Amino acid sequence: MAELSITSLGKSFGDVRALDSVTIVAEEGKLLTLLGPSGCGKSTTLWSVAGLHTPDTGTISIGDRVVYDAERRVEVPPEDRQCGVVFQSYAIWPHMSVADNVGYPLKLRKVAKAERRNRIEEVLALVELDHLGGRYPHELSGGQQQRVALARSLAYQPRLLLLDEPFSNLDAKLRERARDWLRDLQQRVGITTVFVTHDQDEALSMSDRVVVMNAGRVAQIGTPEEVYGDPADGFVADFVGSINLVPGEIVRVDGDDADFVVEGTSDPVRVRVDGGARVGPGRLGVRPEAIAIVGEGDADRLGTVRGIALEHRFLGDHYRQTIGVGNARVSVQTPLASIPEHPVLRFPDVCKVFPASTDQQPRPSVPTPQETP
Ligand SMILES: Nc1ncnc2c1ncn2[C@@H]1O[C@H](COP(=O)(O)OP(=O)(O)OP(=O)(O)O)[C@@H](O)[C@H]1O
Ligand SMILES: [Mg+2]
């Protein structure tokens, strides 16, 4: 069942096309993430759902209620959309205690005092802050303040939880914990959640489904495994995880097998291509962890190519070796600190070929103002 349904949403700010025909469905009780680089339209989408931006075109429905329809001129005010919203800046009131912050949305809705007190206790327990109701925001850590903002957004039992980079003020370790904690809370409460982030690890580890956005458009929607393992284009492949997009040319195709000549080399590499291939220029997409450094005895086997070791970095649980192959610099993830000067690389059994650099849209260079409502 769709709890949130966005159809053909368009929004321009002057000359900037912030959203271009965005269509997204968020299923009831699931966590959907909007992932993409700065300026791609994540916040504009979220704010439009909350009713804080008026789109130019399209429709938005929450449950079976249309809250926005450009053509029919329907625009339900934000306070009637039943959305709990948490922004990057938390926006909790410094002069109010934790309990008063959390109870404020209930007070606005004229909920009776006794009921208010119960509900405040309930949501503070939910975010594990039940002992801190009397404190003021300046007496809390960043992580605790962020949980107050979450508790406040949950206080009046919204249908939809909208979170715009809620962890961006936390340090890396705390972020990781906040991620697990929020995912657990979301599942326990069972609330449909739209989560905005530009952090791919966050998106992959927390979401039921991920919407990858690029320059105001939806580039791909899928499970974390789908967007990582079967990216729709070179942009998604490059943005979600890291990938080598090795430039070159397919010189021969035989069914699923193809011969790929890496730019700057002359000997073709025999690869199996996922989804078919055509003779002509292209980029071979291979993840660093999918390439193996093999022994000399394997040099003549399918999918191998010889390179030159350029540099290596220690990354804690593995090394990242950079290997020159023709004009390409290929990253390989390996447990090996030292490799031969001219290592033999073996590409994975099945590779993906992307068009030669046409689907790589320029990333917007305009910084986004961090507005608050
Ligand atoms: N109020 C505004 N006035 C003018 N342009 C805006 C406004 N809000 C957003 N934009 C522009 O619309 C585009 C999309 O912005 P949006 O805030 O949705 O991006 P985002 O994906 O949330 O980025 P970030 O990760 O930096 O928060 C950007 O080019 C941005 O500069
Ligand atoms: Mg944003």
# chains A, B, ... in the order shown; residues from 1 in each chain; ligands from 1
>>> residues_around(residues="A:Arg217", least_positions_apart="6", cutoff="8 Å", atoms="only C-alpha atoms", output="CSV table (one decimal) with C-alpha atoms, in the first residue's frame")
chain,number,residue,atom,x,y,z
A,19,LEU,CA,12.7,19.2,-9.7
A,20,ASP,CA,12.0,17.8,-13.1
A,21,SER,CA,9.1,15.3,-13.3
A,22,VAL,CA,9.8,13.5,-10.1
A,40,CYS,CA,20.0,17.5,-6.7
A,41,GLY,CA,16.6,18.3,-5.3
>>> closest_atom_pairs(of="chain A", to="ligand 1", cutoff="9 Å", atoms="only C-alpha atoms and all ligand atoms", output="Markdown table")
| residue | atom | partner | partner_atom_place_in_ligand_line | distance |
| --- | --- | --- | --- | --- |
| A:Lys11 | CA | ligand 1 | 12 (O) | 8.4 |
| A:Ser12 | CA | ligand 1 | 12 (O) | 7.3 |
| A:Phe13 | CA | ligand 1 | 4 (C) | 4.7 |
| A:Gly14 | CA | ligand 1 | 4 (C) | 6.9 |
| A:Asp15 | CA | ligand 1 | 5 (N) | 8.6 |
| A:Val16 | CA | ligand 1 | 29 (O) | 6.0 |
| A:Arg17 | CA | ligand 1 | 12 (O) | 6.8 |
| A:Ala18 | CA | ligand 1 | 13 (C) | 4.2 |
| A:Leu19 | CA | ligand 1 | 14 (C) | 7.2 |
| A:Leu34 | CA | ligand 1 | 21 (O) | 8.5 |
| A:Leu35 | CA | ligand 1 | 21 (O) | 8.0 |
| A:Gly36 | CA | ligand 1 | 21 (O) | 6.3 |
| A:Pro37 | CA | ligand 1 | 25 (O) | 5.7 |
| A:Ser38 | CA | ligand 1 | 25 (O) | 3.5 |
| A:Gly39 | CA | ligand 1 | 19 (O) | 3.4 |
| A:Cys40 | CA | ligand 1 | 21 (O) | 3.9 |
| A:Gly41 | CA | ligand 1 | 18 (O) | 3.1 |
| A:Lys42 | CA | ligand 1 | 21 (O) | 3.8 |
| A:Ser43 | CA | ligand 1 | 22 (O) | 3.6 |
| A:Thr44 | CA | ligand 1 | 18 (O) | 3.7 |
| A:Thr45 | CA | ligand 1 | 18 (O) | 6.4 |
| A:Leu46 | CA | ligand 1 | 18 (O) | 8.1 |
| A:Trp47 | CA | ligand 1 | 18 (O) | 8.3 |
| A:His53 | CA | ligand 1 | 1 (N) | 8.6 |
| A:Asp164 | CA | ligand 1 | 22 (O) | 8.0 |
| A:Glu165 | CA | ligand 1 | 27 (O) | 7.9 |
| A:Val196 | CA | ligand 1 | 22 (O) | 7.7 |
| A:Thr197 | CA | ligand 1 | 25 (O) | 6.9 |
| A:His198 | CA | ligand 1 | 25 (O) | 5.9 |
| A:Met213 | CA | ligand 1 | 21 (O) | 7.9 |
| A:Asn214 | CA | ligand 1 | 21 (O) | 8.5 |
| A:Ala215 | CA | ligand 1 | 14 (C) | 7.8 |
| A:Gly216 | CA | ligand 1 | 14 (C) | 6.8 |
| A:Pro364 | CA | ligand 1 | 29 (O) | 6.6 |
| A:Ser365 | CA | ligand 1 | 29 (O) | 8.1 |
| A:Val366 | CA | ligand 1 | 31 (O) | 5.7 |
| A:Pro367 | CA | ligand 1 | 31 (O) | 5.9 |
| A:Thr368 | CA | ligand 1 | 31 (O) | 4.3 |
| A:Pro369 | CA | ligand 1 | 8 (N) | 6.7 |
| A:Gln370 | CA | ligand 1 | 27 (O) | 6.8 |
| A:Glu371 | CA | ligand 1 | 1 (N) | 7.5 |
>>> write_last_selection(atoms="N, CA and C atoms", output="short mmCIF file (atom, residue, chain, number, x, y, z; two decimals), in the first residue's frame")
data_model
loop_
_atom_site.label_atom_id
_atom_site.label_comp_id
_atom_site.auth_asym_id
_atom_site.auth_seq_id
_atom_site.Cartn_x
_atom_site.Cartn_y
_atom_site.Cartn_z
N LYS A 11 9.51 21.74 -10.06
CA LYS A 11 9.67 22.97 -9.28
C LYS A 11 10.90 23.74 -9.79
N SER A 12 10.69 25.01 -10.12
CA SER A 12 11.83 25.85 -10.52
C SER A 12 11.98 26.99 -9.53
N PHE A 13 13.23 27.36 -9.27
CA PHE A 13 13.52 28.59 -8.54
C PHE A 13 14.19 29.50 -9.56
N GLY A 14 13.47 30.46 -10.12
CA GLY A 14 14.04 31.28 -11.20
C GLY A 14 14.46 30.38 -12.34
N ASP A 15 15.76 30.45 -12.70
CA ASP A 15 16.25 29.64 -13.82
C ASP A 15 16.61 28.22 -13.40
N VAL A 16 16.67 27.98 -12.10
CA VAL A 16 17.11 26.66 -11.63
C VAL A 16 15.95 25.68 -11.62
N ARG A 17 16.10 24.60 -12.39
CA ARG A 17 15.07 23.56 -12.41
C ARG A 17 15.41 22.60 -11.27
N ALA A 18 14.81 22.82 -10.10
CA ALA A 18 15.17 22.03 -8.92
C ALA A 18 14.58 20.62 -9.00
N LEU A 19 13.34 20.50 -9.51
CA LEU A 19 12.72 19.18 -9.67
C LEU A 19 12.15 19.08 -11.08
N LEU A 34 16.08 9.35 0.03
CA LEU A 34 16.42 10.15 -1.15
C LEU A 34 17.92 10.40 -1.06
N LEU A 35 18.65 9.88 -2.04
CA LEU A 35 20.11 9.96 -2.02
C LEU A 35 20.59 10.70 -3.27
N GLY A 36 21.55 11.58 -3.10
CA GLY A 36 22.09 12.26 -4.27
C GLY A 36 23.02 13.38 -3.85
N PRO A 37 23.78 13.92 -4.80
CA PRO A 37 24.75 14.97 -4.46
C PRO A 37 24.06 16.28 -4.08
N SER A 38 24.82 17.18 -3.52
CA SER A 38 24.31 18.48 -3.12
C SER A 38 23.62 19.18 -4.30
N GLY A 39 22.44 19.69 -4.06
CA GLY A 39 21.74 20.46 -5.09
C GLY A 39 20.89 19.62 -6.03
N CYS A 40 20.77 18.32 -5.78
CA CYS A 40 20.04 17.46 -6.74
C CYS A 40 18.52 17.51 -6.53
N GLY A 41 18.06 18.15 -5.44
CA GLY A 41 16.61 18.31 -5.27
C GLY A 41 16.00 17.49 -4.14
N LYS A 42 16.84 16.92 -3.27
CA LYS A 42 16.32 16.08 -2.18
C LYS A 42 15.45 16.90 -1.22
N SER A 43 16.00 18.01 -0.73
CA SER A 43 15.24 18.82 0.24
C SER A 43 14.01 19.42 -0.41
N THR A 44 14.13 19.85 -1.67
CA THR A 44 12.98 20.44 -2.34
C THR A 44 11.84 19.43 -2.42
N THR A 45 12.19 18.16 -2.68
CA THR A 45 11.16 17.10 -2.71
C THR A 45 10.51 16.96 -1.33
N LEU A 46 11.35 16.87 -0.30
CA LEU A 46 10.85 16.65 1.05
C LEU A 46 9.98 17.83 1.52
N TRP A 47 10.48 19.02 1.24
CA TRP A 47 9.75 20.23 1.66
C TRP A 47 8.42 20.35 0.93
N HIS A 53 7.18 24.01 0.50
CA HIS A 53 7.39 24.58 -0.83
C HIS A 53 6.14 24.27 -1.65
N ASP A 164 15.35 15.32 7.09
CA ASP A 164 16.27 15.93 6.14
C ASP A 164 17.68 15.98 6.75
N GLU A 165 18.51 15.05 6.39
CA GLU A 165 19.89 14.93 6.88
C GLU A 165 19.96 15.14 8.40
N VAL A 196 16.38 11.85 3.98
CA VAL A 196 17.25 12.48 2.98
C VAL A 196 18.70 12.41 3.41
N THR A 197 19.56 11.99 2.51
CA THR A 197 20.99 11.99 2.83
C THR A 197 21.81 12.07 1.56
N HIS A 198 23.06 12.56 1.69
CA HIS A 198 23.96 12.44 0.53
C HIS A 198 25.04 11.41 0.85
N MET A 213 18.88 10.46 -6.83
CA MET A 213 18.49 11.65 -7.60
C MET A 213 19.73 12.30 -8.20
N ASN A 214 19.53 12.89 -9.37
CA ASN A 214 20.62 13.58 -10.06
C ASN A 214 20.03 14.77 -10.80
N ALA A 215 20.50 15.95 -10.45
CA ALA A 215 20.09 17.18 -11.13
C ALA A 215 18.57 17.29 -11.29
N GLY A 216 17.84 17.11 -10.19
CA GLY A 216 16.40 17.32 -10.20
C GLY A 216 15.57 16.16 -10.73
N PRO A 364 25.71 19.87 -10.12
CA PRO A 364 25.52 21.29 -9.95
C PRO A 364 26.61 21.88 -9.06
N SER A 365 27.10 23.06 -9.44
CA SER A 365 28.16 23.65 -8.66
C SER A 365 27.64 24.71 -7.69
N VAL A 366 26.33 25.03 -7.82
CA VAL A 366 25.77 26.07 -6.95
C VAL A 366 25.56 25.50 -5.55
N PRO A 367 26.12 26.12 -4.53
CA PRO A 367 25.86 25.62 -3.18
C PRO A 367 24.42 25.87 -2.78
N THR A 368 23.87 24.97 -1.99
CA THR A 368 22.47 25.09 -1.58
C THR A 368 22.39 25.82 -0.25
N PRO A 369 21.55 26.83 -0.17
CA PRO A 369 21.39 27.48 1.13
C PRO A 369 20.72 26.53 2.10
N GLN A 370 21.17 26.49 3.35
CA GLN A 370 20.53 25.61 4.34
C GLN A 370 19.41 26.40 5.01
N GLU A 371 18.26 26.35 4.41
CA GLU A 371 17.16 27.13 4.96
C GLU A 371 16.56 26.43 6.18
#
>>> residues_around(residues="stretch 76-82 of chain A", least_positions_apart="2", cutoff="9 Å", atoms="only C-alpha atoms", output="PyMOL selection string")
chain A and resi 49-52+62+66-68+74+84+156-161
>>> atom_distance(atom1="atom CA of A:Arg283", atom2="atom CA of A:Ile243")
11.0 Å
>>> select_by_dssp(residues="stretch 44-255 of chain A", states="alpha helix (DSSP H)", output="ChimeraX atom specification")
/A:44-50,98-108,113-126,142-154,172-189,200-206,224-229,234-239
>>> closest_residue(among="A:Gly285, A:Gly248, A:Pro348, A:Gly63", to="A:Val271", atoms="only C-alpha atoms")
A:Pro348
>>> residues_around(residues="stretch 291-305 of chain A", least_positions_apart="3", cutoff="9 Å", atoms="only C-alpha atoms", output="list in words")
Asp267, Pro268, Val269, Arg270, Val271, Arg272, Val286, Arg287, Pro288, Val325, Ser331, Val332, Gln333, Thr334, Ile339, Pro343, Val344, Leu345, Arg346, Phe347, Pro348 and Asp349 of chain A
>>> residues_around(residues="A:Gln187", least_positions_apart="6", cutoff="10 Å", atoms="only C-alpha atoms", output="list in words")
Gly29, Lys30, Leu31 and Thr193 of chain A
>>> write_last_selection(atoms="C-alpha atoms", output="compact mmCIF listing (two decimals), in the first residue's frame")
# COMPACT_ATOMS: atom_id res chain seq x y z
CA GLY A 29 5.66 1.38 7.08
CA LYS A 30 8.88 1.38 5.05
CA LEU A 31 11.93 3.60 5.05
CA THR A 193 9.65 7.43 6.65
